[in-house]
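Below is input08.txt, which holds compact mmCIF, C-alpha atoms and all ligand atoms.
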```
# COMPACT_ATOMS: atom_id res chain seq x y z
CA MET X 15 -58.65 194.84 84.55
CA ILE X 16 -59.40 196.04 81.05
CA VAL X 17 -56.62 196.51 78.50
CA VAL X 18 -57.19 199.56 76.30
CA ALA X 19 -54.98 199.99 73.26
CA ILE X 20 -54.84 203.08 71.09
CA SER X 21 -53.44 202.36 67.63
CA GLY X 22 -52.55 204.82 64.90
CA ALA X 23 -55.92 205.57 63.34
CA SER X 24 -57.78 208.82 63.39
CA GLY X 25 -59.77 209.34 66.59
CA PRO X 26 -57.44 208.46 69.50
CA ILE X 27 -59.77 210.69 71.54
CA MET X 28 -62.16 207.70 71.61
CA GLY X 29 -59.55 205.61 73.41
CA VAL X 30 -58.74 208.46 75.77
CA ARG X 31 -62.45 208.93 76.62
CA LEU X 32 -62.87 205.18 77.22
CA ILE X 33 -59.91 205.17 79.61
CA GLU X 34 -61.33 208.21 81.45
CA GLU X 35 -64.72 206.54 81.84
CA LEU X 36 -63.22 203.28 83.12
CA LEU X 37 -60.92 205.03 85.60
CA ASN X 38 -63.72 207.27 86.84
CA SER X 39 -65.80 204.20 87.59
CA GLY X 40 -62.96 202.63 89.60
CA GLU X 41 -61.80 200.15 86.96
CA LYS X 42 -58.16 199.08 86.60
CA VAL X 43 -56.83 199.90 83.14
CA ALA X 44 -53.69 198.73 81.35
CA ALA X 45 -53.07 201.09 78.44
CA ILE X 46 -50.90 200.73 75.35
CA VAL X 47 -50.38 203.51 72.81
CA SER X 48 -48.64 202.70 69.51
CA GLN X 49 -45.97 205.01 68.12
CA PRO X 50 -48.16 206.29 65.25
CA ALA X 51 -50.98 206.83 67.76
CA ARG X 52 -48.70 209.04 69.86
CA GLN X 53 -48.13 211.26 66.82
CA ILE X 54 -51.85 211.36 66.01
CA ILE X 55 -52.63 212.31 69.62
CA GLU X 56 -50.24 215.22 69.18
CA TYR X 57 -51.84 216.22 65.89
CA GLU X 58 -55.53 215.73 66.70
CA ILE X 59 -55.77 216.26 70.47
CA LEU X 60 -52.81 218.39 71.50
CA ARG X 61 -52.93 220.24 68.15
CA GLU X 62 -49.13 220.20 67.81
CA LYS X 63 -48.78 222.67 70.69
CA ILE X 64 -47.43 220.16 73.20
CA SER X 65 -45.72 216.83 72.64
CA PHE X 66 -47.27 213.67 74.02
CA SER X 67 -45.29 212.07 76.81
CA SER X 68 -47.71 209.82 78.66
CA LEU X 69 -51.41 209.10 79.01
CA LYS X 70 -51.31 210.09 82.67
CA GLU X 71 -50.03 213.52 81.74
CA LEU X 72 -52.63 213.87 79.00
CA LEU X 73 -55.43 212.85 81.38
CA LEU X 74 -54.18 215.36 83.94
CA LYS X 75 -54.21 218.09 81.30
CA ARG X 76 -57.78 217.14 80.48
CA GLY X 77 -58.70 217.55 84.15
CA LEU X 78 -59.20 213.92 85.16
CA ALA X 79 -60.75 214.05 88.60
CA GLY X 80 -59.41 210.95 90.26
CA ASN X 81 -58.43 207.30 90.13
CA TYR X 82 -55.57 207.62 87.75
CA ASP X 83 -53.57 205.46 90.14
CA LEU X 84 -55.59 202.65 88.58
CA LEU X 85 -53.88 203.30 85.24
CA ARG X 86 -50.79 201.39 84.13
CA GLU X 87 -49.19 202.30 80.87
CA PHE X 88 -47.01 199.99 78.77
CA LYS X 89 -44.83 200.61 75.75
CA ASN X 90 -45.98 198.90 72.55
CA ASN X 91 -42.65 197.08 72.25
CA ASP X 92 -42.64 195.83 75.84
CA PHE X 93 -43.21 192.08 75.54
CA PHE X 94 -42.28 191.71 79.21
CA ALA X 95 -45.47 193.58 80.18
CA PRO X 96 -47.79 191.34 82.26
CA VAL X 97 -50.61 191.58 79.69
CA ALA X 98 -48.38 189.87 77.09
CA SER X 99 -49.01 186.62 78.95
CA GLY X 100 -52.16 184.55 79.32
CA SER X 101 -51.33 184.15 83.02
CA THR X 102 -52.41 187.75 83.61
CA ARG X 103 -56.16 187.51 83.94
CA PHE X 104 -57.32 190.68 82.29
CA GLU X 105 -61.03 190.71 81.50
CA ALA X 106 -61.07 192.23 78.02
CA MET X 107 -58.89 193.82 75.38
CA VAL X 108 -60.21 196.86 73.52
CA VAL X 109 -58.39 198.40 70.54
CA ILE X 110 -59.89 201.87 70.07
CA PRO X 111 -59.34 203.16 67.47
CA CYS X 112 -58.00 200.16 65.54
CA SER X 113 -55.97 201.00 62.42
CA MET X 114 -56.23 198.79 59.35
CA LYS X 115 -52.62 197.74 59.90
CA THR X 116 -53.28 196.63 63.46
CA LEU X 117 -56.52 194.91 62.35
CA SER X 118 -54.55 193.02 59.70
CA ALA X 119 -51.92 191.94 62.23
CA ILE X 120 -54.57 190.84 64.75
CA VAL X 121 -56.52 188.64 62.34
CA HIS X 122 -53.33 187.02 61.02
CA GLY X 123 -51.81 186.35 64.43
CA TYR X 124 -48.88 188.63 63.61
CA ALA X 125 -48.00 189.50 67.19
CA ASP X 126 -45.12 191.89 66.59
CA SER X 127 -46.22 194.53 69.11
CA LEU X 128 -47.67 194.46 72.63
CA ILE X 129 -51.07 195.49 71.20
CA THR X 130 -51.23 192.64 68.70
CA ARG X 131 -49.70 190.17 71.17
CA THR X 132 -52.32 191.05 73.80
CA CYS X 133 -55.11 190.56 71.24
CA ASP X 134 -53.53 187.19 70.43
CA VAL X 135 -53.56 186.34 74.14
CA ALA X 136 -57.19 187.45 74.53
CA LEU X 137 -58.24 185.23 71.62
CA LYS X 138 -56.29 182.14 72.69
CA GLU X 139 -57.52 182.49 76.28
CA LYS X 140 -61.13 182.97 75.07
CA ARG X 141 -61.43 186.43 76.54
CA ARG X 142 -63.26 189.42 75.17
CA CYS X 143 -61.56 191.28 72.36
CA ILE X 144 -63.29 194.40 71.05
CA ILE X 145 -62.06 196.55 68.19
CA VAL X 146 -63.16 199.93 66.88
CA PRO X 147 -61.81 199.80 63.28
CA ARG X 148 -61.41 203.27 61.77
CA GLU X 149 -60.95 203.86 58.08
CA THR X 150 -63.12 205.17 55.30
CA PRO X 151 -63.80 204.15 52.62
CA LEU X 152 -63.04 200.47 53.21
CA SER X 153 -61.20 198.36 50.63
CA VAL X 154 -62.00 194.69 50.09
CA ILE X 155 -58.84 193.89 52.10
CA HIS X 156 -60.26 195.87 55.02
CA THR X 157 -63.71 194.27 54.81
CA GLU X 158 -62.18 190.79 54.52
CA ASN X 159 -60.09 191.43 57.60
CA ILE X 160 -63.14 192.71 59.48
CA HIS X 161 -64.95 189.52 58.44
CA LYS X 162 -62.01 187.41 59.67
CA ALA X 163 -62.12 189.33 62.96
CA ALA X 164 -65.83 188.55 63.36
CA LEU X 165 -65.19 184.86 62.62
CA ALA X 166 -62.46 184.84 65.30
CA GLY X 167 -65.01 186.09 67.83
CA ILE X 168 -63.74 189.64 67.96
CA GLU X 169 -66.52 192.12 68.73
CA ILE X 170 -66.59 194.99 66.26
CA VAL X 171 -67.80 198.48 67.07
CA PRO X 172 -67.37 200.70 64.02
CA PRO X 173 -67.08 204.35 65.04
CA VAL X 174 -70.38 205.17 63.38
CA PRO X 175 -72.70 207.57 65.21
CA GLY X 176 -76.39 206.96 65.69
CA PHE X 177 -78.08 210.16 64.59
CA TYR X 178 -81.17 209.30 66.65
CA THR X 179 -79.35 210.65 69.71
CA ARG X 180 -79.28 214.02 67.91
CA PRO X 181 -75.55 214.67 68.42
CA GLU X 182 -74.63 218.35 68.65
CA SER X 183 -70.86 218.10 68.94
CA VAL X 184 -67.88 215.90 68.19
CA ASP X 185 -67.88 215.03 71.91
CA ASP X 186 -71.41 213.64 71.52
CA VAL X 187 -70.23 211.42 68.67
CA VAL X 188 -67.17 210.26 70.65
CA ASN X 189 -69.34 209.53 73.69
CA PHE X 190 -71.75 207.53 71.55
CA VAL X 191 -68.98 205.21 70.30
CA VAL X 192 -67.41 204.89 73.76
CA GLY X 193 -70.86 204.20 75.23
CA LYS X 194 -71.37 201.37 72.72
CA VAL X 195 -68.07 199.80 73.85
CA LEU X 196 -69.10 200.16 77.52
CA ASN X 197 -72.45 198.51 76.66
CA LEU X 198 -70.58 195.49 75.29
CA LEU X 199 -68.41 195.39 78.41
CA GLY X 200 -71.62 195.45 80.48
CA ARG X 201 -70.70 198.70 82.23
CA GLU X 202 -73.24 201.34 83.22
CA HIS X 203 -72.75 204.81 81.75
CA ASP X 204 -74.65 207.95 80.96
CA LEU X 205 -72.77 208.89 77.78
CA PHE X 206 -75.95 208.83 75.71
CA GLU X 207 -79.56 207.98 76.29
CA SER X 208 -80.27 204.56 74.84
CA TRP X 209 -83.18 204.39 72.45
CA GLY X 210 -85.26 202.04 74.62
CA LYS X 211 -85.18 204.51 77.53
CA LYS X 212 -86.54 207.37 75.46
CA LYS X 213 -90.12 208.33 76.26
CA ILE X 214 -92.07 208.63 73.06
C1 LIG C 301 -53.12 211.77 61.02
C2 LIG C 301 -53.15 210.33 60.63
C3 LIG C 301 -54.36 209.66 60.60
C4 LIG C 301 -54.43 208.32 60.25
N1 LIG C 301 -55.65 207.71 60.24
C5 LIG C 301 -55.74 206.40 59.95
C6 LIG C 301 -57.01 205.75 60.02
O1 LIG C 301 -58.04 206.34 60.35
N2 LIG C 301 -57.05 204.42 59.78
C7 LIG C 301 -55.93 203.70 59.45
O2 LIG C 301 -56.05 202.50 59.26
N3 LIG C 301 -54.70 204.30 59.38
C8 LIG C 301 -54.58 205.62 59.62
N4 LIG C 301 -53.35 206.24 59.58
C9 LIG C 301 -52.18 205.46 59.15
C10 LIG C 301 -51.59 204.61 60.31
O3 LIG C 301 -51.16 205.46 61.35
C11 LIG C 301 -50.43 203.72 59.81
O4 LIG C 301 -50.92 202.74 58.92
C12 LIG C 301 -49.65 203.07 60.94
O5 LIG C 301 -48.71 202.18 60.39
C13 LIG C 301 -50.53 202.30 61.93
O6 LIG C 301 -49.70 201.72 62.89
P1 LIG C 301 -50.26 201.07 64.24
O7 LIG C 301 -51.48 200.30 63.87
O8 LIG C 301 -49.16 200.20 64.70
O9 LIG C 301 -50.54 202.17 65.18
C14 LIG C 301 -53.26 207.60 59.91
C15 LIG C 301 -52.03 208.27 59.97
C16 LIG C 301 -51.99 209.61 60.30
C17 LIG C 301 -50.65 210.31 60.33
```

Could I get this structure in the form of structure tokens?
Ligand SMILES: Cc1cc2nc3c(=O)[nH]c(=O)nc-3n(C[C@H](O)[C@H](O)[C@H](O)COP(=O)(O)O)c2cc1C
Amino acid sequence: MIVVAISGASGPIMGVRLIEELLNSGEKVAAIVSQPARQIIEYEILREKISFSSLKELLLKRGLAGNYDLLREFKNNDFFAPVASGSTRFEAMVVIPCSMKTLSAIVHGYADSLITRTCDVALKEKRRCIIVPRETPLSVIHTENIHKAALAGIEIVPPVPGFYTRPESVDDVVNFVVGKVLNLLGREHDLFESWGKKKI
């Protein structure tokens, strides 16, 4: 099981795409969406036409083909959720996108939400913790916190596109970032053609 958290930074579509990819490949996913992220999903994805009620509903709207039975969704204030405990053997925690506030909480062990608690659990149990920190430009506070995250063993995937894939759409850019996360998780995907596979 992979835990995917969407915090309140721009680009929740990256988290949504990651969840879709994992579910479509038969993976169990525990998802957590912060309150600010819910509002940003409404603003950026649903374009303020519909309010966000649940990930399942959003995935259905986006035409998810199958396997959404593999998705469990938890509230960000639900400390009774199984993933809040080290006894639940999830494989990895991914925060995508990761806001600067959530990054700060993670690197300081400030486990005041299910997202930050589950990161805390991943780190203490020596499990994978991957973040996709989204902000620009970055202040010295942000870069220091990213440095602290690296020192703690957190894997960092900045949502920065590789232009060598010649992206033509926002979807291409989103798929590139999600593909990089899947690469770290060791999962096969065809979201972009990796450089090494290109015939020159
Ligand atoms: C439309 C919108 C976009 C935002 N984008 C970012 C962002 O890219 N990075 C960031 O760190 N905060 C961003 N914020 C601010 C965060 O949502 C805010 O700091 C919030 O407290 C984060 O809470 P959370 O990490 O618990 O989700 C944005 C807010 C809004 C309304």

At most 6 Å from ligand LIG 301 (chain C) (all atoms listed in the file): residue list as a PyMOL selection string: chain X and resi 21-24+48+50-51+54+113-116+148-149

Contacts of X:Leu117 within 12 Å, only C-alpha atoms, excl. fewer than 6 positions in-chain, as a PyMOL selection string: chain X and resi 21-23+108-111+123-125+129-130+133-134+143-149+155-164+168+170

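For the pair atom CA of X:Asn189 and atom CA of X:Leu32, the separation is 8.6 Å.
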
Atom CA of X:Val174 to atom CA of X:Val191, distance in Å rounded to a single decimal: 7.1 Å

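Closest to X:Val171 among X:Pro151, X:Pro26, X:Gly193, X:Pro96 is X:Gly193, based on all atoms listed in the file.
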
Atomic separation - atom CA of X:Leu137 relative to atom CA of X:Phe93, Å: 17.0 Å

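If only C-alpha atoms are the atoms counted, then among X:Thr132, X:Lys63, X:Gln53, X:Lys75 the closest residue to X:Asp92 is X:Thr132.
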
Residue contacts of X:Leu37 (8 Å, only C-alpha atoms) excluding same-chain residues fewer than 6 positions away, as a list in words: Val43, Gly80, Asn81, Tyr82, Leu84 and Leu85 of chain X

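Taking all atoms listed in the file into account, X:Ser99 lies nearest to X:Arg131 out of the set X:Arg86, X:Arg76, X:Lys70, X:Arg131.
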
Please give the centre and size of the box around stretch 163-169 of chain X (axis-aligned, containing every atom listed in the file, 3 Å added per side), with values in Å to one decimal and written as JSON.
```
{"center_x": -64.3, "center_y": 188.5, "center_z": 65.7, "size_x": 10.4, "size_y": 13.3, "size_z": 12.1}
```

Which of X:Ala95, X:Leu69, X:Val192, X:Ile120 sits closest to X:Asp204 [using all atoms listed in the file]: X:Val192

Radius query 12 Å about (-80.5, 213.8, 68.0), atoms used: all atoms listed in the file, as number ranges by chain: X: 175-183, 186-187, 190, 206-209, 212

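Closest to X:Lys42 among X:Cys112, X:Ile64, X:Met28, X:Ala106 is X:Ala106, based on only C-alpha atoms.
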
Top pick for closest residue to X:Ile20, considering X:Glu71, X:Glu62, X:Glu87, X:Glu139 and counting all atoms listed in the file: X:Glu87

Polymer residues at most 8 Å from X:Phe66, all atoms listed in the file, same-chain spacing of 6 or more positions, as a list in words: Arg52, Gln53, Ile55, Glu56, Leu60 and Leu72 of chain X

Reconstructed stretch 36-59 of chain X, atom set N, CA and C atoms, as a compact mmCIF listing (two decimals), in the coordinates of the input:
```txt
# COMPACT_ATOMS: atom_id res chain seq x y z
N LEU X 36 -63.53 204.47 82.32
CA LEU X 36 -63.22 203.28 83.12
C LEU X 36 -62.56 203.68 84.44
N LEU X 37 -61.61 204.60 84.37
CA LEU X 37 -60.92 205.03 85.60
C LEU X 37 -61.90 205.71 86.55
N ASN X 38 -62.76 206.55 85.99
CA ASN X 38 -63.72 207.27 86.84
C ASN X 38 -64.72 206.33 87.51
N SER X 39 -64.89 205.15 86.92
CA SER X 39 -65.80 204.20 87.59
C SER X 39 -65.03 203.17 88.41
N GLY X 40 -63.74 203.45 88.66
CA GLY X 40 -62.96 202.63 89.60
C GLY X 40 -62.38 201.37 89.00
N GLU X 41 -62.30 201.33 87.67
CA GLU X 41 -61.80 200.15 86.96
C GLU X 41 -60.28 200.24 86.81
N LYS X 42 -59.59 199.08 86.91
CA LYS X 42 -58.16 199.08 86.60
C LYS X 42 -57.98 199.02 85.09
N VAL X 43 -57.05 199.84 84.59
CA VAL X 43 -56.83 199.90 83.14
C VAL X 43 -55.34 199.72 82.85
N ALA X 44 -55.05 198.81 81.89
CA ALA X 44 -53.69 198.73 81.35
C ALA X 44 -53.77 199.36 79.97
N ALA X 45 -52.96 200.36 79.72
CA ALA X 45 -53.07 201.09 78.44
C ALA X 45 -51.80 200.91 77.61
N ILE X 46 -52.02 200.82 76.30
CA ILE X 46 -50.90 200.73 75.35
C ILE X 46 -51.19 201.71 74.21
N VAL X 47 -50.21 202.55 73.90
CA VAL X 47 -50.38 203.51 72.81
C VAL X 47 -49.28 203.25 71.79
N SER X 48 -49.67 202.98 70.54
CA SER X 48 -48.64 202.70 69.51
C SER X 48 -47.90 203.99 69.16
N GLN X 49 -46.76 203.83 68.48
CA GLN X 49 -45.97 205.01 68.12
C GLN X 49 -46.74 205.94 67.17
N PRO X 50 -47.36 205.39 66.09
CA PRO X 50 -48.16 206.29 65.25
C PRO X 50 -49.29 206.95 66.04
N ALA X 51 -49.89 206.24 66.97
CA ALA X 51 -50.98 206.83 67.76
C ALA X 51 -50.48 208.02 68.59
N ARG X 52 -49.26 207.92 69.08
CA ARG X 52 -48.70 209.04 69.86
C ARG X 52 -48.64 210.30 69.00
N GLN X 53 -48.22 210.09 67.73
CA GLN X 53 -48.13 211.26 66.82
C GLN X 53 -49.53 211.80 66.49
N ILE X 54 -50.50 210.91 66.35
CA ILE X 54 -51.85 211.36 66.01
C ILE X 54 -52.50 212.06 67.22
N ILE X 55 -52.16 211.61 68.41
CA ILE X 55 -52.63 212.31 69.62
C ILE X 55 -52.10 213.74 69.60
N GLU X 56 -50.82 213.87 69.24
CA GLU X 56 -50.24 215.22 69.18
C GLU X 56 -50.95 216.08 68.14
N TYR X 57 -51.24 215.46 66.99
CA TYR X 57 -51.84 216.22 65.89
C TYR X 57 -53.30 216.55 66.17
N GLU X 58 -54.08 215.53 66.60
CA GLU X 58 -55.53 215.73 66.70
C GLU X 58 -55.98 216.27 68.07
N ILE X 59 -55.30 215.86 69.13
CA ILE X 59 -55.77 216.26 70.47
C ILE X 59 -54.96 217.44 71.01
```
